[in-house]
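Novice: Just coords.csv, nothing more (CSV, C-alpha atoms):
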chain,number,residue,atom,x,y,z
A,75,MET,CA,102.9,77.9,163.9
A,76,LYS,CA,102.3,77.6,160.1
A,77,SER,CA,105.5,79.7,159.3
A,78,ILE,CA,107.5,77.4,161.6
A,79,ILE,CA,106.2,74.3,159.9
A,80,LYS,CA,107.0,75.9,156.5
A,81,GLN,CA,110.6,76.8,157.5
A,82,THR,CA,111.1,73.3,158.9
A,83,LEU,CA,109.8,71.6,155.7
A,84,LYS,CA,112.1,73.9,153.6
A,85,ARG,CA,115.1,72.8,155.6
A,86,LEU,CA,114.2,69.1,155.5
A,87,PHE,CA,113.1,69.0,151.8
A,88,PRO,CA,114.9,71.9,150.0
A,89,ALA,CA,114.6,70.4,146.5
A,90,GLN,CA,110.9,69.8,146.9
A,91,ALA,CA,110.4,73.3,148.3
A,92,LEU,CA,112.1,74.8,145.3
A,93,HIS,CA,110.1,72.8,142.9
A,94,TYR,CA,106.9,73.9,144.6
A,95,LYS,CA,108.0,77.5,144.4
A,96,ALA,CA,108.7,77.2,140.7
A,97,TYR,CA,105.3,75.5,140.1
A,98,LYS,CA,103.5,78.3,142.1
A,99,ASN,CA,105.3,81.2,140.3
A,100,LEU,CA,105.5,79.8,136.8
A,101,ILE,CA,102.8,77.2,136.2
A,102,LYS,CA,100.0,78.1,138.7
A,103,ASN,CA,100.4,81.9,138.1
A,104,GLN,CA,98.7,82.8,134.8
A,105,ASN,CA,100.5,86.1,134.6
A,106,SER,CA,103.9,84.3,134.4
A,107,TYR,CA,106.2,84.2,131.4
A,108,LEU,CA,105.0,80.8,130.4
A,109,TYR,CA,101.4,82.0,130.0
A,110,LEU,CA,102.1,85.5,128.6
A,111,THR,CA,104.4,84.3,125.8
A,112,GLY,CA,102.1,81.4,124.8
A,113,TRP,CA,104.3,78.6,126.0
A,114,MET,CA,101.5,77.0,128.1
A,115,GLN,CA,99.0,77.5,125.3
A,116,SER,CA,101.4,75.9,122.8
A,117,LEU,CA,101.9,73.0,125.1
A,118,LYS,CA,98.1,72.6,125.3
A,119,GLU,CA,97.6,72.7,121.6
A,120,ARG,CA,100.8,70.9,120.6
A,121,LYS,CA,101.7,73.6,118.1
A,122,PRO,CA,103.4,77.1,118.3
A,123,THR,CA,100.9,79.8,119.3
A,124,ASP,CA,100.7,83.0,121.3
A,125,ASN,CA,98.7,83.2,124.4
A,126,ASN,CA,95.5,83.8,122.3
A,127,GLY,CA,96.0,80.7,120.2
A,128,ASN,CA,97.3,82.6,117.1
A,129,PRO,CA,100.0,80.8,115.1
A,130,ILE,CA,103.6,81.9,115.6
A,131,PRO,CA,107.0,80.6,114.3
A,132,TRP,CA,108.6,77.7,116.1
A,133,MET,CA,111.4,80.0,117.2
A,134,ASN,CA,112.3,81.3,120.6
A,135,PHE,CA,109.9,83.9,122.1
A,136,SER,CA,112.6,86.7,122.0
A,137,ILE,CA,112.8,86.6,118.2
A,138,VAL,CA,109.1,86.2,117.8
A,139,ARG,CA,108.5,89.3,119.9
A,140,LEU,CA,111.0,91.3,117.8
A,141,LEU,CA,109.4,90.2,114.5
A,142,GLU,CA,105.9,91.1,115.8
A,143,GLU,CA,107.2,94.6,116.5
A,144,ARG,CA,109.5,95.1,113.4
A,145,LEU,CA,107.9,93.4,110.4
A,146,THR,CA,105.8,95.7,108.2
A,147,HIS,CA,103.3,95.3,105.4
A,148,ASP,CA,105.8,96.7,102.7
A,149,LEU,CA,108.2,93.8,103.1
A,150,ASN,CA,108.7,90.7,100.9
A,151,LEU,CA,109.7,87.6,102.8
A,152,PHE,CA,111.2,84.3,101.7
A,153,GLU,CA,111.0,81.3,104.0
A,154,TYR,CA,112.9,78.0,103.9
A,155,GLY,CA,110.5,75.6,105.7
A,156,SER,CA,106.8,76.3,105.8
A,157,GLY,CA,104.2,75.9,108.6
A,158,TYR,CA,102.6,77.9,111.4
A,159,SER,CA,105.3,80.5,110.8
A,160,THR,CA,103.9,81.0,107.2
A,161,TYR,CA,100.6,82.1,108.6
A,162,PHE,CA,102.3,84.4,111.1
A,163,TYR,CA,104.5,86.1,108.4
A,164,ALA,CA,101.6,86.4,106.0
A,165,SER,CA,99.7,88.5,108.6
A,166,LYS,CA,102.7,90.8,109.0
A,167,VAL,CA,104.3,91.4,105.5
A,168,ARG,CA,103.2,92.1,101.9
A,169,SER,CA,104.1,88.7,100.5
A,170,VAL,CA,105.5,85.4,101.6
A,171,THR,CA,107.3,82.9,99.4
A,172,SER,CA,107.8,79.6,101.2
A,173,ILE,CA,109.5,76.4,100.2
A,174,GLU,CA,108.5,73.0,101.6
A,175,TYR,CA,110.0,69.5,101.0
A,176,ASP,CA,107.4,67.4,102.8
A,177,GLU,CA,104.6,66.8,100.3
A,178,LYS,CA,101.9,65.9,102.9
A,179,TRP,CA,102.7,69.0,105.0
A,180,PHE,CA,102.9,71.1,101.9
A,181,SER,CA,99.3,70.2,101.1
A,182,VAL,CA,98.2,71.0,104.7
A,183,VAL,CA,99.8,74.4,104.7
A,184,LYS,CA,98.6,75.3,101.2
A,185,SER,CA,95.0,74.4,102.0
A,186,GLN,CA,95.0,77.1,104.7
A,187,ALA,CA,97.4,79.7,103.2
A,188,PRO,CA,96.2,83.2,102.6
A,189,GLU,CA,96.3,84.9,99.2
A,190,ASN,CA,99.7,86.7,99.8
A,191,VAL,CA,101.5,83.3,100.2
A,192,LYS,CA,103.2,81.5,97.4
A,193,LEU,CA,104.1,78.0,98.5
A,194,ILE,CA,106.7,76.0,96.5
A,195,PHE,CA,107.2,72.2,96.8
A,196,LYS,CA,110.8,71.0,96.3
A,197,GLU,CA,112.3,67.8,97.4
A,198,LYS,CA,115.1,68.1,99.9
A,199,ASP,CA,118.7,67.7,98.7
A,200,ILE,CA,122.2,68.9,99.6
A,201,ASP,CA,123.6,71.9,97.6
A,202,GLY,CA,121.1,71.2,94.9
A,203,ASP,CA,117.8,72.7,93.7
A,204,TYR,CA,116.3,73.1,97.2
A,205,CYS,CA,118.7,75.8,98.4
A,206,ARG,CA,118.6,77.5,95.0
A,207,VAL,CA,114.8,78.0,94.8
A,208,ILE,CA,115.3,81.5,96.1
A,209,LYS,CA,117.3,82.5,93.0
A,210,SER,CA,114.9,80.8,90.6
A,211,THR,CA,112.1,83.1,91.8
A,212,GLU,CA,114.0,86.1,90.4
A,213,GLU,CA,112.8,88.3,93.2
A,214,GLN,CA,114.5,90.4,95.8
A,215,TYR,CA,113.6,89.8,99.4
A,216,ASP,CA,113.7,92.0,102.5
A,217,VAL,CA,113.7,89.1,104.9
A,218,VAL,CA,114.9,85.5,104.4
A,219,ILE,CA,114.1,82.9,107.1
A,220,VAL,CA,116.4,79.9,107.0
A,221,ASP,CA,114.6,77.2,109.0
A,222,GLY,CA,114.4,74.2,106.7
A,223,ARG,CA,116.9,71.8,105.3
A,224,ASP,CA,120.5,72.2,104.0
A,225,ARG,CA,120.8,75.5,106.0
A,226,VAL,CA,124.4,76.3,105.3
A,227,ASN,CA,123.8,76.3,101.5
A,228,CYS,CA,120.6,78.1,101.9
A,229,ILE,CA,122.4,80.9,103.7
A,230,MET,CA,125.0,81.0,100.9
A,231,GLN,CA,122.4,81.2,98.1
A,232,SER,CA,120.3,83.8,99.9
A,233,ILE,CA,122.7,86.6,99.9
A,234,SER,CA,122.4,87.5,96.3
A,235,ALA,CA,118.6,87.4,96.5
A,236,LEU,CA,118.5,90.1,99.3
A,237,SER,CA,117.2,93.6,98.7
A,238,SER,CA,119.5,96.5,99.8
A,239,ARG,CA,117.7,96.5,103.2
A,240,GLY,CA,117.5,92.7,103.5
A,241,VAL,CA,118.2,90.5,106.5
A,242,ILE,CA,118.7,86.8,106.9
A,243,LEU,CA,117.5,84.9,110.0
A,244,LEU,CA,119.0,81.5,110.9
A,245,ASP,CA,117.1,79.5,113.4
A,246,ASP,CA,118.8,77.0,115.8
A,247,SER,CA,122.1,78.9,115.1
A,248,GLN,CA,123.7,77.4,118.2
A,249,ARG,CA,124.3,74.1,116.3
A,250,ASP,CA,127.9,73.5,115.3
A,251,SER,CA,126.9,72.1,111.9
A,252,TYR,CA,125.8,75.6,110.8
A,253,GLN,CA,129.1,77.4,111.6
A,254,ASP,CA,130.3,77.3,108.0
A,255,GLY,CA,127.3,79.3,106.9
A,256,ILE,CA,127.7,81.7,109.8
A,257,ASP,CA,131.3,82.3,108.9
A,258,PHE,CA,130.5,82.8,105.2
A,259,ILE,CA,127.8,85.4,105.8
A,260,LYS,CA,130.0,87.3,108.2
A,261,GLU,CA,132.8,87.3,105.6
A,262,ASN,CA,130.4,88.9,103.2
A,263,GLY,CA,130.0,92.0,105.4
A,264,PHE,CA,127.0,91.0,107.6
A,265,ARG,CA,126.8,91.6,111.4
A,266,ALA,CA,125.2,89.1,113.7
A,267,LEU,CA,122.6,89.6,116.5
A,268,ASN,CA,121.8,86.5,118.6
A,269,LEU,CA,118.5,86.2,120.4
A,270,GLU,CA,117.9,83.3,122.8
A,271,GLY,CA,115.2,81.8,124.9
A,272,LEU,CA,112.5,79.1,125.1
A,273,LYS,CA,110.7,77.9,122.0
A,274,PRO,CA,107.0,76.9,122.1
A,275,THR,CA,106.5,73.5,123.9
A,276,GLU,CA,110.3,73.1,124.3
A,277,THR,CA,112.5,73.3,127.4
A,278,GLN,CA,116.0,74.1,126.2
A,279,VAL,CA,117.5,77.5,125.5
A,280,GLU,CA,117.5,78.0,121.7
A,281,ARG,CA,119.1,80.7,119.5
A,282,THR,CA,118.1,82.6,116.4
A,283,THR,CA,120.7,84.8,114.7
A,284,ILE,CA,119.8,87.8,112.6
A,285,PHE,CA,122.4,88.8,110.0
A,286,TYR,CA,122.1,92.4,108.9
A,287,ARG,CA,123.8,95.4,107.4
A,288,GLU,CA,123.4,99.1,107.8
A,289,GLY,CA,120.0,100.5,106.8
A,290,ASN,CA,118.2,97.2,107.2
A,291,CYS,CA,114.4,96.7,107.3
A,292,LEU,CA,114.3,95.7,110.9
A,293,GLY,CA,116.0,98.9,112.1
A,294,ILE,CA,118.8,97.1,113.9
As structure tokens - that is how I would like this structure written.

Specialist:
Amino acid sequence: MKSIIKQTLKRLFPAQALHYKAYKNLIKNQNSYLYLTGWMQSLKERKPTDNNGNPIPWMNFSIVRLLEERLTHDLNLFEYGSGYSTYFYASKVRSVTSIEYDEKWFSVVKSQAPENVKLIFKEKDIDGDYCRVIKSTEEQYDVVIVDGRDRVNCIMQSISALSSRGVILLDDSQRDSYQDGIDFIKENGFRALNLEGLKPTETQVERTTIFYREGNCLGI
């Protein structure tokens, strides 16, 4: 009798039946993708974390997983845009240099940053000092994360600051406004690998692109 009632309800209310199935499989089930990646934990804490509450970058879970597996403690990393990602990278690589334009947020991140993090404050601008901070450090970086302001110019300025095994990651690379930067780096001999999926707390499919050459530090 119960099975007959269920089948009848499915026929009468197909949308509601589908919604309940999604709820049962993804939200109620604590072994689902939403729980194992940390999406539910991030929603609860209102910040990007894994399922154990550890900070992660506000990038899609596919790229976060790759970085968890491929980053090593002999790498130097530069980051446009600081935050929870800064703490994550600091636990994975030798050194992190991160630039931040929001003075209040800069103070928050700096107060909790580990010893291998160098945090730089620089006001945002377009094709000015912000994108050129990476050159002013006079360092060579194995990984550059472009996830702050003026991203096209940040990409362009980053190439000359890369080590021979260096890679550049552009977050939200699906946005049309970043296409000039993508075209520029490809014209300079880089290949592109797109990774897509959900970001912590968000519901849309988002993309991060890794730009790389042969012999890169991520083994791509």

Novice: Counting only C-alpha atoms, which residues have an atom no more than 12 Å from (97.8, 71.0, 106.0) in the file's coordinates? Please list them as a PyMOL selection string.

Specialist: chain A and resi 156-158+160-161+174+176-187

Novice: Show me the residues close to (115.5, 85.6, 107.6) - anything with an atom within 9 Å, counting only C-alpha atoms - and format the list as number ranges by chain.

Specialist: A: 151-154, 216-221, 240-245, 283-285

Novice: Excluding segment 202-214 of chain A and its own-chain neighbours fewer than 2 positions away, which residues fall within 7 Å of it when counting all atoms listed in the file? Please give them as an mmCIF file with C-alpha atoms, keeping the file's coordinate frame.

Specialist:
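Here's the written file result_14.cif:
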data_model
loop_
_atom_site.group_PDB
_atom_site.id
_atom_site.type_symbol
_atom_site.label_atom_id
_atom_site.label_comp_id
_atom_site.auth_asym_id
_atom_site.auth_seq_id
_atom_site.Cartn_x
_atom_site.Cartn_y
_atom_site.Cartn_z
ATOM 1 C CA LYS A 196 110.800 71.000 96.300
ATOM 2 C CA GLU A 197 112.300 67.800 97.400
ATOM 3 C CA LYS A 198 115.100 68.100 99.900
ATOM 4 C CA ASP A 199 118.700 67.700 98.700
ATOM 5 C CA ILE A 200 122.200 68.900 99.600
ATOM 6 C CA ASP A 216 113.700 92.000 102.500
ATOM 7 C CA ASP A 224 120.500 72.200 104.000
ATOM 8 C CA ASN A 227 123.800 76.300 101.500
ATOM 9 C CA CYS A 228 120.600 78.100 101.900
ATOM 10 C CA GLN A 231 122.400 81.200 98.100
ATOM 11 C CA SER A 232 120.300 83.800 99.900
ATOM 12 C CA ALA A 235 118.600 87.400 96.500
ATOM 13 C CA LEU A 236 118.500 90.100 99.300
ATOM 14 C CA SER A 237 117.200 93.600 98.700
#

Novice: When you look at Trp132 of chain A with a cut-off of 12 Å (counting only C-alpha atoms), what residues show up, excluding the ones that are within fewer than 5 positions of it in the same chain? I need them as a PyMOL selection string.

Specialist: chain A and resi 112-113+116+120-124+137-138+155-162+219+221-222+245-246+271-276+280-282
